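Trainee: You'll find query10.cif just under this line, and it carries mmCIF, C-alpha atoms and all ligand atoms.
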```
data_query
loop_
_atom_site.label_atom_id
_atom_site.label_comp_id
_atom_site.auth_asym_id
_atom_site.auth_seq_id
_atom_site.Cartn_x
_atom_site.Cartn_y
_atom_site.Cartn_z
CA MET A 20 -42.68 -5.21 -41.51
CA LEU A 21 -43.43 -6.10 -45.14
CA ARG A 22 -41.29 -9.21 -44.75
CA VAL A 23 -43.19 -10.13 -41.56
CA LEU A 24 -46.49 -9.92 -43.45
CA GLN A 25 -45.09 -11.98 -46.32
CA ILE A 26 -44.06 -14.73 -43.93
CA VAL A 27 -47.38 -14.68 -42.10
CA ARG A 28 -49.21 -14.88 -45.48
CA LEU A 29 -46.95 -17.71 -46.68
CA SER A 30 -47.64 -19.57 -43.44
CA SER A 31 -51.39 -19.07 -43.56
CA ARG A 32 -51.58 -20.39 -47.16
CA CYS A 33 -50.16 -23.73 -46.02
CA SER A 34 -52.80 -26.33 -45.28
CA SER A 35 -50.78 -28.16 -42.63
CA SER A 36 -50.20 -26.36 -39.35
CA PHE A 37 -46.93 -28.27 -39.02
CA VAL A 38 -45.69 -26.97 -42.37
CA SER A 39 -46.85 -23.50 -41.39
CA ARG A 40 -44.90 -23.61 -38.12
CA MET A 41 -41.73 -24.92 -39.78
CA ARG A 42 -41.88 -22.18 -42.44
CA PHE A 43 -42.50 -19.57 -39.77
CA LEU A 44 -39.49 -20.72 -37.72
CA ASN A 45 -37.26 -20.90 -40.78
CA GLY A 46 -38.25 -17.32 -41.64
CA LEU A 47 -37.22 -16.17 -38.15
CA LYS A 48 -33.80 -17.83 -38.53
CA GLN A 49 -33.22 -16.22 -41.91
CA ASN A 50 -34.26 -12.64 -41.21
CA ASP A 51 -33.07 -10.69 -38.15
CA ASP A 52 -35.72 -7.97 -38.47
CA VAL A 53 -38.55 -10.49 -38.62
CA CYS A 54 -37.03 -12.31 -35.68
CA SER A 55 -36.72 -9.08 -33.64
CA ALA A 56 -40.39 -8.33 -34.28
CA ALA A 57 -41.40 -11.85 -33.18
CA LEU A 58 -39.27 -11.52 -30.04
CA GLN A 59 -41.32 -8.54 -28.80
CA ASP A 60 -44.40 -10.76 -28.44
CA ALA A 61 -42.71 -14.07 -27.65
CA HIS A 62 -43.11 -16.69 -24.95
CA MET A 63 -39.98 -16.64 -22.79
CA PHE A 64 -38.24 -19.50 -20.98
CA LEU A 65 -35.97 -18.05 -18.31
CA PHE A 66 -32.75 -19.72 -17.14
CA HIS A 67 -30.31 -18.78 -14.41
CA ARG A 68 -26.82 -20.17 -15.05
CA LEU A 69 -28.40 -22.82 -17.28
CA SER A 70 -31.09 -23.91 -14.78
CA PRO A 71 -34.69 -23.42 -16.05
CA LEU A 72 -37.30 -21.47 -14.09
CA LEU A 73 -40.17 -23.76 -13.03
CA GLN A 74 -43.47 -23.00 -11.34
CA ARG A 75 -45.62 -25.37 -9.32
CA ASN A 76 -49.36 -25.28 -10.10
CA HIS A 77 -52.38 -25.99 -7.86
CA GLN A 78 -52.25 -29.72 -8.60
CA GLY A 79 -48.67 -29.78 -7.36
CA THR A 80 -47.17 -30.50 -10.77
CA PHE A 81 -44.35 -28.47 -12.28
CA ARG A 82 -44.33 -26.45 -15.48
CA THR A 83 -41.92 -24.01 -17.03
CA ALA A 84 -42.75 -20.46 -15.91
CA GLU A 85 -45.18 -18.83 -18.34
CA LEU A 86 -43.65 -15.47 -19.19
CA ARG A 87 -44.02 -13.11 -22.11
CA ALA A 88 -41.27 -10.87 -23.47
CA SER A 89 -43.01 -7.86 -21.87
CA ASP A 90 -42.90 -9.62 -18.45
CA VAL A 91 -39.16 -10.15 -18.86
CA GLN A 92 -38.66 -6.53 -19.87
CA SER A 93 -40.49 -5.37 -16.72
CA LEU A 94 -38.41 -7.79 -14.67
CA LEU A 95 -35.18 -6.38 -16.11
CA GLU A 96 -36.34 -2.83 -15.35
CA ASN A 97 -37.39 -3.79 -11.82
CA LEU A 98 -33.97 -5.25 -11.10
CA GLY A 99 -32.13 -2.33 -12.67
CA SER A 100 -30.77 -4.43 -15.50
CA ASP A 101 -30.09 -3.39 -19.07
CA ARG A 102 -33.28 -3.84 -21.17
CA THR A 103 -31.13 -4.80 -24.17
CA LEU A 104 -30.43 -8.11 -22.40
CA LEU A 105 -33.67 -9.29 -24.01
CA GLN A 106 -31.90 -9.21 -27.39
CA GLU A 107 -29.72 -12.09 -26.16
CA ALA A 108 -32.73 -14.40 -26.13
CA VAL A 109 -32.42 -17.47 -28.37
CA LEU A 110 -35.20 -18.88 -30.55
CA ILE A 111 -36.23 -22.42 -29.54
CA GLY A 112 -39.57 -23.01 -31.26
CA CYS A 113 -43.11 -21.80 -31.65
CA THR A 114 -46.56 -22.68 -30.34
CA GLU A 115 -49.40 -24.17 -32.41
CA GLN A 116 -50.54 -20.57 -32.94
CA ASN A 117 -47.16 -19.51 -34.42
CA GLN A 118 -46.16 -17.64 -31.30
CA ALA A 119 -42.37 -17.63 -31.13
CA GLN A 120 -40.70 -19.24 -28.09
CA PHE A 121 -37.35 -17.90 -26.90
CA CYS A 122 -35.04 -18.68 -23.99
CA LEU A 123 -32.84 -16.28 -22.05
CA ASP A 124 -30.20 -16.85 -19.38
CA ILE A 125 -30.29 -14.07 -16.78
CA GLY A 126 -27.37 -15.51 -14.82
CA GLY A 127 -26.01 -12.01 -14.13
CA LEU A 128 -29.09 -11.10 -12.05
CA ASP A 129 -29.83 -12.00 -8.45
CA GLN A 130 -31.39 -15.48 -8.53
CA ALA A 131 -33.53 -15.10 -5.40
CA ALA A 132 -34.91 -11.74 -6.56
CA VAL A 133 -35.96 -13.18 -9.93
CA GLU A 134 -37.53 -16.22 -8.24
CA GLU A 135 -39.53 -13.99 -5.93
CA LEU A 136 -40.72 -11.67 -8.69
CA CYS A 137 -41.69 -14.58 -10.97
CA GLY A 138 -43.08 -16.90 -8.30
CA GLY A 139 -40.91 -19.80 -9.40
CA THR A 140 -37.69 -21.70 -8.74
CA PHE A 141 -34.62 -22.25 -10.91
CA VAL A 142 -34.14 -26.03 -10.96
CA ASP A 143 -31.13 -27.99 -12.15
CA LEU A 144 -31.85 -29.40 -15.62
CA LYS A 145 -31.43 -33.05 -14.62
CA LYS A 146 -33.93 -32.61 -11.80
CA SER A 147 -36.27 -30.72 -14.14
CA PHE A 148 -36.41 -33.80 -16.35
CA PHE A 149 -38.17 -35.66 -13.54
CA LEU A 150 -40.62 -32.84 -12.90
CA LEU A 151 -41.70 -31.70 -16.37
CA SER A 152 -44.08 -33.36 -18.80
CA GLY A 153 -42.82 -35.27 -21.82
CA ALA A 154 -43.72 -32.33 -24.04
CA GLU A 155 -41.84 -29.67 -22.06
CA ALA A 156 -38.66 -31.56 -21.14
CA PRO A 157 -37.23 -31.72 -24.70
CA LEU A 158 -37.86 -27.99 -25.25
CA VAL A 159 -36.06 -27.09 -22.03
CA ALA A 160 -33.20 -29.44 -22.93
CA LYS A 161 -32.88 -27.81 -26.35
CA ALA A 162 -32.96 -24.34 -24.78
CA GLN A 163 -30.21 -25.17 -22.31
CA ALA A 164 -28.05 -26.75 -25.04
CA LEU A 165 -28.36 -23.64 -27.23
CA LEU A 166 -27.66 -21.25 -24.33
CA ARG A 167 -24.57 -23.26 -23.37
CA TRP A 168 -23.37 -23.29 -26.97
CA HIS A 169 -23.60 -19.48 -27.16
CA GLN A 170 -21.81 -19.10 -23.83
CA THR A 171 -18.87 -21.19 -25.07
CA SER A 172 -18.68 -20.13 -28.72
CA GLY A 173 -17.78 -16.46 -28.45
CA PHE A 174 -14.56 -16.77 -30.45
CA CYS A 175 -13.56 -18.20 -33.81
CA SER A 176 -11.31 -21.25 -33.48
CA ALA A 177 -9.50 -20.30 -36.73
CA THR A 178 -8.78 -16.59 -36.12
CA GLY A 179 -9.38 -16.08 -32.38
CA GLN A 180 -11.64 -13.13 -33.26
CA PRO A 181 -15.10 -12.63 -31.69
CA THR A 182 -18.10 -14.33 -33.31
CA HIS A 183 -21.48 -12.62 -33.59
CA ARG A 184 -24.85 -14.33 -33.47
CA ASN A 185 -27.87 -13.78 -35.68
CA GLN A 186 -31.04 -12.62 -33.92
CA ALA A 187 -32.52 -16.13 -33.72
CA GLY A 188 -29.28 -17.48 -32.24
CA SER A 189 -29.20 -20.31 -34.79
CA GLN A 190 -25.65 -19.47 -35.94
CA ARG A 191 -22.57 -17.37 -35.11
CA THR A 192 -20.25 -15.73 -37.63
CA CYS A 193 -16.59 -14.73 -37.23
CA SER A 194 -16.33 -11.00 -37.85
CA SER A 195 -12.87 -11.44 -39.35
CA SER A 196 -12.99 -14.58 -41.53
CA GLY A 197 -16.73 -14.85 -42.14
CA ILE A 198 -16.71 -18.49 -40.98
CA ILE A 199 -20.21 -19.49 -39.86
CA TYR A 200 -20.59 -21.75 -36.83
CA TYR A 201 -23.71 -23.80 -36.11
CA PRO A 202 -24.69 -25.39 -32.78
CA LYS A 203 -22.67 -28.60 -32.37
CA MET A 204 -23.73 -31.99 -31.09
CA SER A 205 -22.06 -35.38 -30.94
CA PRO A 206 -23.80 -38.44 -32.40
CA VAL A 207 -24.14 -41.31 -29.92
CA VAL A 208 -25.54 -44.83 -30.35
CA ILE A 209 -27.38 -46.42 -27.41
CA VAL A 210 -28.17 -50.10 -27.92
CA LEU A 211 -30.18 -52.76 -26.15
CA VAL A 212 -28.49 -56.07 -26.96
CA SER A 213 -30.51 -59.31 -26.71
CA ASP A 214 -29.63 -62.99 -27.10
CA GLY A 215 -33.26 -63.80 -27.83
CA GLU A 216 -34.13 -64.50 -24.17
CA ARG A 217 -32.27 -61.93 -22.12
CA CYS A 218 -31.09 -58.35 -22.54
CA LEU A 219 -27.68 -56.92 -21.78
CA LEU A 220 -27.26 -53.95 -19.43
CA GLY A 221 -24.14 -52.33 -18.06
CA ARG A 222 -23.13 -49.65 -15.62
CA GLN A 223 -20.26 -47.18 -15.43
CA ALA A 224 -18.56 -46.58 -12.09
CA THR A 225 -19.92 -43.02 -12.11
CA PHE A 226 -23.60 -44.09 -12.37
CA PRO A 227 -25.80 -43.71 -9.28
CA ARG A 228 -25.72 -46.92 -7.23
CA GLY A 229 -28.01 -49.63 -8.61
CA LEU A 230 -28.46 -48.04 -12.03
CA TYR A 231 -27.92 -50.19 -15.12
CA SER A 232 -28.47 -48.99 -18.65
CA ALA A 233 -28.28 -50.01 -22.28
CA LEU A 234 -24.75 -49.70 -23.73
CA ALA A 235 -23.83 -46.38 -25.33
CA GLY A 236 -20.93 -44.85 -27.18
CA PHE A 237 -19.90 -41.86 -29.29
CA CYS A 238 -19.63 -42.24 -33.08
CA ASP A 239 -16.07 -41.96 -34.36
CA MET A 240 -15.46 -39.69 -37.34
CA GLY A 241 -16.45 -41.42 -40.58
CA GLU A 242 -18.42 -44.24 -38.95
CA THR A 243 -21.91 -45.35 -39.90
CA LEU A 244 -24.55 -46.02 -37.25
CA GLU A 245 -24.07 -49.79 -37.60
CA GLU A 246 -20.27 -49.51 -37.43
CA THR A 247 -20.45 -47.52 -34.18
CA LEU A 248 -22.95 -49.94 -32.68
CA SER A 249 -20.88 -53.04 -33.56
CA ARG A 250 -17.61 -51.45 -32.37
CA GLU A 251 -19.04 -50.23 -29.04
CA VAL A 252 -20.56 -53.66 -28.23
CA ALA A 253 -17.29 -55.36 -29.18
CA GLU A 254 -15.17 -52.89 -27.16
CA GLU A 255 -17.30 -52.77 -24.02
CA VAL A 256 -18.50 -56.38 -23.61
CA GLY A 257 -16.57 -58.44 -26.22
CA LEU A 258 -19.60 -59.58 -28.26
CA GLU A 259 -20.20 -59.56 -32.01
CA VAL A 260 -23.57 -58.17 -33.08
CA GLN A 261 -25.45 -60.24 -35.69
CA SER A 262 -28.25 -57.85 -36.59
CA PHE A 263 -29.78 -54.60 -35.42
CA SER A 264 -32.76 -52.34 -35.93
CA PHE A 265 -33.22 -48.64 -35.33
CA SER A 266 -35.77 -47.76 -32.64
CA SER A 267 -35.89 -44.02 -31.86
CA SER A 268 -33.78 -40.92 -31.30
CA GLN A 269 -33.47 -38.13 -28.77
CA HIS A 270 -31.42 -35.05 -28.08
CA TRP A 271 -29.40 -35.52 -24.88
CA PRO A 272 -28.00 -32.35 -23.28
CA PHE A 273 -25.66 -34.02 -20.72
CA PRO A 274 -22.76 -33.37 -20.37
CA GLN A 275 -22.57 -31.63 -23.77
CA SER A 276 -25.11 -31.95 -26.55
CA SER A 277 -25.44 -35.47 -27.95
CA PHE A 278 -27.75 -36.85 -30.58
CA MET A 279 -28.74 -40.25 -29.18
CA MET A 280 -29.82 -42.91 -31.68
CA ALA A 281 -31.43 -45.88 -29.94
CA CYS A 282 -31.23 -49.36 -31.48
CA HIS A 283 -32.02 -52.99 -30.70
CA ALA A 284 -29.32 -55.55 -31.55
CA SER A 285 -29.10 -59.31 -31.33
CA VAL A 286 -26.21 -61.68 -30.70
CA SER A 287 -26.13 -65.45 -31.04
CA PRO A 288 -27.00 -67.29 -27.78
CA ALA A 289 -24.06 -69.56 -28.56
CA TYR A 290 -21.68 -66.57 -28.39
CA SER A 291 -23.13 -64.62 -25.46
CA GLN A 292 -20.27 -65.05 -22.98
CA LEU A 293 -19.35 -61.54 -21.77
CA CYS A 294 -15.80 -60.21 -21.68
CA VAL A 295 -16.29 -56.80 -20.01
CA ASP A 296 -13.74 -54.01 -20.52
CA HIS A 297 -13.54 -52.76 -16.94
CA SER A 298 -11.81 -49.55 -17.99
CA GLU A 299 -15.16 -48.58 -19.60
CA LEU A 300 -17.78 -50.43 -17.57
CA GLU A 301 -17.84 -51.34 -13.90
CA ASP A 302 -20.21 -54.21 -14.65
CA ALA A 303 -22.34 -55.68 -17.44
CA ARG A 304 -24.80 -58.55 -17.11
CA TRP A 305 -27.59 -60.39 -18.87
CA PHE A 306 -31.02 -59.76 -17.36
CA SER A 307 -34.16 -61.86 -17.83
CA GLN A 308 -37.42 -60.28 -18.94
CA GLN A 309 -38.81 -60.86 -15.43
CA GLU A 310 -35.88 -59.03 -13.81
CA VAL A 311 -36.33 -56.06 -16.14
CA LEU A 312 -40.10 -55.95 -15.54
CA SER A 313 -39.73 -56.00 -11.77
CA ALA A 314 -37.02 -53.34 -11.88
CA LEU A 315 -39.19 -51.08 -14.02
CA GLN A 316 -42.05 -51.48 -11.53
CA THR A 317 -39.78 -50.40 -8.66
CA PRO A 318 -39.92 -46.61 -8.19
CA PRO A 319 -36.58 -44.87 -8.74
CA HIS A 320 -34.71 -44.59 -5.47
CA ARG A 321 -34.56 -41.02 -4.17
CA GLY A 322 -31.90 -38.94 -2.56
CA GLY A 323 -29.10 -38.84 -5.14
CA GLY A 324 -27.38 -42.16 -4.81
CA ALA A 325 -29.22 -43.72 -1.87
CA PRO A 326 -29.14 -47.52 -1.93
CA PRO A 327 -31.69 -49.32 -4.08
CA PRO A 328 -34.79 -50.74 -2.34
CA SER A 329 -34.35 -53.95 -0.38
CA GLY A 330 -34.91 -57.26 -2.11
CA SER A 331 -32.05 -58.62 -4.15
CA PRO A 332 -29.98 -55.53 -4.96
CA GLN A 333 -27.07 -57.66 -6.11
CA ASN A 334 -29.16 -59.21 -8.86
CA THR A 335 -31.73 -56.61 -9.82
CA PRO A 336 -31.10 -53.18 -11.28
CA SER A 337 -33.10 -50.60 -9.34
CA LEU A 338 -33.26 -48.30 -12.36
CA ILE A 339 -32.93 -49.37 -15.93
CA ASP A 340 -31.63 -46.62 -18.14
CA SER A 341 -33.37 -43.87 -16.21
CA SER A 342 -31.19 -41.58 -18.27
CA GLN A 343 -33.66 -42.03 -21.12
CA SER A 344 -36.58 -41.10 -18.93
CA GLY A 345 -37.10 -37.49 -19.93
CA SER A 346 -40.81 -38.15 -20.19
CA ARG A 347 -41.01 -40.05 -16.94
CA THR A 348 -42.65 -37.95 -14.23
CA PRO A 349 -42.67 -39.36 -10.72
CA ASP A 350 -45.02 -38.04 -8.05
CA PRO A 351 -44.19 -34.45 -7.21
CA GLU A 352 -41.93 -34.07 -4.24
CA PRO A 353 -39.23 -31.67 -3.11
CA VAL A 354 -36.89 -31.04 -5.99
CA GLU A 355 -33.77 -31.71 -4.00
CA ASN A 356 -34.90 -35.30 -3.41
CA GLN A 357 -35.21 -36.29 -7.05
CA SER A 358 -33.03 -39.10 -8.28
CA ASP A 359 -29.90 -38.60 -10.38
CA LEU A 360 -29.47 -39.27 -14.09
CA VAL A 361 -26.50 -40.41 -16.12
N1 LIG A 401 -25.46 -46.15 -20.88
C1 LIG A 401 -24.81 -45.05 -21.09
O1 LIG A 401 -23.62 -45.07 -21.05
C2 LIG A 401 -25.57 -43.84 -21.41
C3 LIG A 401 -24.92 -42.81 -21.99
N2 LIG A 401 -25.59 -41.68 -22.31
C4 LIG A 401 -24.87 -40.60 -22.95
O2 LIG A 401 -24.14 -41.12 -24.05
C5 LIG A 401 -22.84 -40.56 -24.05
C6 LIG A 401 -21.87 -41.58 -24.55
O3 LIG A 401 -21.82 -42.70 -23.69
P1 LIG A 401 -20.44 -43.23 -23.12
O4 LIG A 401 -20.65 -44.63 -22.69
O5 LIG A 401 -19.92 -42.26 -22.12
O6 LIG A 401 -19.51 -43.14 -24.43
P2 LIG A 401 -18.23 -44.04 -24.86
O7 LIG A 401 -18.50 -45.47 -24.57
O8 LIG A 401 -17.91 -43.63 -26.26
O9 LIG A 401 -17.10 -43.63 -23.87
C7 LIG A 401 -16.82 -42.28 -23.53
C8 LIG A 401 -15.40 -41.94 -23.95
O10 LIG A 401 -15.33 -41.83 -25.36
C9 LIG A 401 -14.40 -40.81 -25.74
N3 LIG A 401 -15.07 -39.91 -26.67
C10 LIG A 401 -15.07 -40.08 -28.01
N4 LIG A 401 -15.77 -39.13 -28.63
C11 LIG A 401 -16.25 -38.31 -27.67
C12 LIG A 401 -17.07 -37.13 -27.69
N5 LIG A 401 -17.53 -36.60 -28.82
N6 LIG A 401 -17.38 -36.56 -26.50
C13 LIG A 401 -16.94 -37.08 -25.35
N7 LIG A 401 -16.16 -38.20 -25.28
C14 LIG A 401 -15.82 -38.82 -26.42
C15 LIG A 401 -13.91 -40.21 -24.40
O11 LIG A 401 -12.73 -40.92 -24.06
P3 LIG A 401 -11.29 -40.28 -24.14
O12 LIG A 401 -11.37 -38.94 -23.46
O13 LIG A 401 -10.43 -41.27 -23.43
O14 LIG A 401 -11.00 -40.20 -25.61
C16 LIG A 401 -14.96 -40.60 -23.41
O15 LIG A 401 -14.48 -40.72 -22.09
C17 LIG A 401 -22.57 -40.10 -22.61
O16 LIG A 401 -21.91 -38.87 -22.63
C18 LIG A 401 -23.92 -39.99 -21.96
O17 LIG A 401 -24.27 -38.64 -21.80
C19 LIG A 401 -26.90 -41.55 -22.08
C20 LIG A 401 -27.60 -42.54 -21.51
C21 LIG A 401 -27.00 -43.76 -21.11
MG MG A 402 -19.98 -46.47 -23.38
#
```
Mind turning this structure into structure tokens?
Mentor:
Amino acid sequence: MLRVLQIVRLSSRCSSSFVSRMRFLNGLKQNDDVCSAALQDAHMFLFHRLSPLLQRNHQGTFRTAELRASDVQSLLENLGSDRTLLQEAVLIGCTEQNQAQFCLDIGGLDQAAVEELCGGTFVDLKKSFFLLSGAEAPLVAKAQALLRWHQTSGFCSATGQPTHRNQAGSQRTCSSSGIIYYPKMSPVVIVLVSDGERCLLGRQATFPRGLYSALAGFCDMGETLEETLSREVAEEVGLEVQSFSFSSSQHWPFPQSSFMMACHASVSPAYSQLCVDHSELEDARWFSQQEVLSALQTPPHRGGGAPPPSGSPQNTPSLIDSSQSGSRTPDPEPVENQSDLV
């Protein structure tokens, strides 16, 4: 308790609320007792087999279900589950008021019973991205990535012995060797290539029909950002990048955790002839600014792979990189009709 007070005092002395929140979270990761105390009064994000629990409000928009740790404890009691399940919750952040936020996967419980008791629905993460606000989607993505990491990291890859998590769930330690494991993610570069007039988009055979996106690729061990970018563009479309600039970054939970770094790159118009590697991409093409603008104004097609809207589907992408659209929220409609992502 003394340690809790020390951390609260340290936080309150900081002038910036951002600094205060970061210090508070770091304290929870470092001290299991402090973290346990924060868990008792935390905001909880519930998942069922990695699908988040969403609730629909009066305006018809979706939000993550607002639950406190005490609500989850009552839920566990109601369903005859072990109350200690709450200890498996993983820290994902904190509110502006330094209220800890945790996530918990209750995949062992009856899904329909939990949905009825909580007045919500467990929704596939990809579909949730279309329903949640730009502020909530990244938090839910982070939560799912951490829950998945814990579910698949129960044993040490060096000794084969069980690993044990700290209370925050920010690391796991091998009980035999003492090796500490941290949540893993793969760095990926996603790049919009331009020849000064047009931009280059490609599609993999597995993409939903009509979807084109910027080129992307995993970083090889030892590569810099610019080396990955140049290699991927050379490998996938046979072009040599002249210059590039960093644009933004995003965590991407599909299919495993990636750290996506988005860049713009330019190639010489004189050397813009594409030589597509069809083992990687089904198609890649240059698109004019007008084509991109009209595609972005076309609503995403619904129904998981339904054909793009009529017009000139052979020449116009119906979705451009919708995979980066975590903050894009279409009009609410039945969850099962939301469009697919990469
Ligand atoms: N436009 C796009 O392609 C978009 C991609 N993304 C995300 O970016 C990621 C990377 O894009 P993608 O074009 O698939 O990547 P790559 O162009 O690098 O091609 C994927 C292949 O790279 C190999 N590979 C190398 N390192 C890894 C690793 N750490 N994890 C998995 N595979 C690896 C695998 O081939 P092998 O098994 O033969 O070694 C895999 O099939 C995707 O997983 C996707 O989630 C997101 C938005 C858009
Ligand atoms: Mg690729």
Trainee: Return the single residue from A:Ala233, A:Leu110, A:Leu128, A:Leu166 that is closest to Gln49 in chain A, with distances computed using all atoms listed in the file.
Mentor: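 Distance minimum relative to Gln49 in chain A lands on A:Leu110.
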Trainee: Go ahead and compute the interatomic distance for CA of Asp51 in chain A and CA of Ser39 in chain A, in Å to one decimal.
Mentor: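 Value for the CA of Asp51 in chain A-CA of Ser39 in chain A distance: 19.1 Å.
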Trainee: Residues of chain A that approach ligand LIG 401 (chain A) to 8 Å or less, counting all atoms listed in the file: could you list each one with the shortest pair of atoms and its distance in Å to one decimal, rows by chain and increasing residue number, as JSON lines?
Mentor:
```
{"residue": "A:Ser205", "atom": "CA", "partner": "A:LIG401", "partner_atom": "N5", "distance": 5.1}
{"residue": "A:Pro206", "atom": "CA", "partner": "A:LIG401", "partner_atom": "N5", "distance": 7.5}
{"residue": "A:Val207", "atom": "CA", "partner": "A:LIG401", "partner_atom": "C6", "distance": 5.8}
{"residue": "A:Val208", "atom": "CA", "partner": "A:LIG401", "partner_atom": "O2", "distance": 7.4}
{"residue": "A:Ile209", "atom": "CA", "partner": "A:LIG401", "partner_atom": "C2", "distance": 6.8}
{"residue": "A:Gly221", "atom": "CA", "partner": "A:LIG401", "partner_atom": "N1", "distance": 6.9}
{"residue": "A:Arg222", "atom": "CA", "partner": "A:LIG401", "partner_atom": "N1", "distance": 6.7}
{"residue": "A:Gln223", "atom": "CA", "partner": "A:LIG401", "partner_atom": "O1", "distance": 6.9}
{"residue": "A:Tyr231", "atom": "CA", "partner": "A:LIG401", "partner_atom": "N1", "distance": 7.5}
{"residue": "A:Ser232", "atom": "CA", "partner": "A:LIG401", "partner_atom": "N1", "distance": 4.7}
{"residue": "A:Ala233", "atom": "CA", "partner": "A:LIG401", "partner_atom": "N1", "distance": 5.0}
{"residue": "A:Leu234", "atom": "CA", "partner": "A:LIG401", "partner_atom": "N1", "distance": 4.6}
{"residue": "A:Ala235", "atom": "CA", "partner": "A:LIG401", "partner_atom": "O1", "distance": 4.5}
{"residue": "A:Gly236", "atom": "CA", "partner": "A:LIG401", "partner_atom": "O8", "distance": 3.4}
{"residue": "A:Phe237", "atom": "CA", "partner": "A:LIG401", "partner_atom": "O8", "distance": 4.0}
{"residue": "A:Cys238", "atom": "CA", "partner": "A:LIG401", "partner_atom": "N4", "distance": 6.7}
{"residue": "A:Asp239", "atom": "CA", "partner": "A:LIG401", "partner_atom": "N4", "distance": 6.4}
{"residue": "A:Glu251", "atom": "CA", "partner": "A:LIG401", "partner_atom": "O7", "distance": 6.6}
{"residue": "A:Glu255", "atom": "CA", "partner": "A:LIG401", "partner_atom": "O7", "distance": 7.4}
{"residue": "A:Trp271", "atom": "CA", "partner": "A:LIG401", "partner_atom": "O17", "distance": 6.7}
{"residue": "A:Pro272", "atom": "CA", "partner": "A:LIG401", "partner_atom": "O17", "distance": 7.5}
{"residue": "A:Phe273", "atom": "CA", "partner": "A:LIG401", "partner_atom": "O17", "distance": 4.9}
{"residue": "A:Pro274", "atom": "CA", "partner": "A:LIG401", "partner_atom": "O17", "distance": 5.7}
{"residue": "A:Gln275", "atom": "CA", "partner": "A:LIG401", "partner_atom": "O16", "distance": 7.4}
{"residue": "A:Ser277", "atom": "CA", "partner": "A:LIG401", "partner_atom": "C5", "distance": 6.9}
{"residue": "A:Met279", "atom": "CA", "partner": "A:LIG401", "partner_atom": "O2", "distance": 6.9}
{"residue": "A:Glu299", "atom": "CA", "partner": "A:LIG401", "partner_atom": "O7", "distance": 6.7}
{"residue": "A:Asp340", "atom": "CA", "partner": "A:LIG401", "partner_atom": "C21", "distance": 6.2}
{"residue": "A:Ser341", "atom": "CA", "partner": "A:LIG401", "partner_atom": "C20", "distance": 7.9}
{"residue": "A:Ser342", "atom": "CA", "partner": "A:LIG401", "partner_atom": "C20", "distance": 4.9}
{"residue": "A:Gln343", "atom": "CA", "partner": "A:LIG401", "partner_atom": "C20", "distance": 6.1}
{"residue": "A:Val361", "atom": "CA", "partner": "A:LIG401", "partner_atom": "C20", "distance": 5.9}
```
Trainee: Looking at all atoms listed in the file, which of A:Gly79, A:Val212, A:Gln316, A:Thr247 is the one that sits closest to Leu293 in chain A?
Mentor: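 So, comparing all the options, the nearest one is A:Val212.
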Trainee: What's the separation between CA of Thr317 in chain A and CA of Gln292 in chain A, in Å to one decimal place?
Mentor: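 That distance, rounded to one decimal, is 28.3 Å.
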Trainee: Which neighbours of range 187-195 of chain A fall inside 10 Å, counting all atoms listed in the file, when residues of the same chain fewer than 5 positions from it are skipped, and could you give them as a ChimeraX atom specification?
Mentor: /A:44-55,57-58,106-111,121,165-166,168-169,172-182,200-202
Trainee: Pick the closest to Ser287 in chain A from A:Leu104, A:Met41, A:Val260, A:Leu300: which is it, counting only C-alpha atoms?
Mentor: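 Counting only C-alpha atoms, the residue closest to Ser287 in chain A is A:Val260.
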Trainee: Out of A:Thr225, A:Phe81, A:His283, A:Gly138, which residue has the shortest atom-to-atom distance to Ser152 in chain A when counting all atoms listed in the file?
Mentor: A:Phe81
Trainee: For the atom pair CA of Phe37 in chain A and CA of Gly112 in chain A, what is the interatomic distance in Å to one decimal place?
Mentor: 11.9 Å
Trainee: If you count only C-alpha atoms, which residues fall within 12 Å of Leu258 in chain A, apart from same-chain ones fewer than 4 positions away, as a PyMOL selection string?
Mentor: chain A and resi 212-214+219+248-254+284-296+303
Trainee: Would you pick out the contacts of Phe265 in chain A at 8 Å or less, using all atoms listed in the file, so that residues sharing its chain but fewer than 6 positions from it are not included, and give the list as a list of chain:residue names?
Mentor: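 Residues near the query, excluding close chain neighbours: A:Met280, A:Ala281, A:Cys282, A:His283.
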Trainee: Between A:Ser313, A:Val133, A:Glu245, A:Ser196, which has the minimum distance to Leu95 in chain A (counting all atoms listed in the file)?
Mentor: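 Of all the options, A:Val133 lies closest to Leu95 in chain A.
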Trainee: Between A:Phe149, A:Phe66, A:Phe226, A:Phe141, single out the one closest to ligand MG 402 (chain A), counting all atoms listed in the file.
Mentor: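 Closest to ligand MG 402 (chain A), using all atoms listed in the file: A:Phe226.
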Trainee: Residues near Ala61 in chain A, anyone? I mean within 9 Å using only C-alpha atoms, not counting same-chain ones fewer than 6 positions away, as an MDAnalysis selection string.
Mentor: chainID A and resid 86:89 113 118:121
Trainee: Kindly list the centre and edge lengths in Å, rounded to one decimal, for the axis-aligned box that covers all listed atoms of range 90-98 of chain A plus 8 Å on each of its six sides, as JSON.
Mentor:
```
{"center_x": -38.4, "center_y": -6.5, "center_z": -15.5, "size_x": 24.9, "size_y": 23.3, "size_z": 24.8}
```
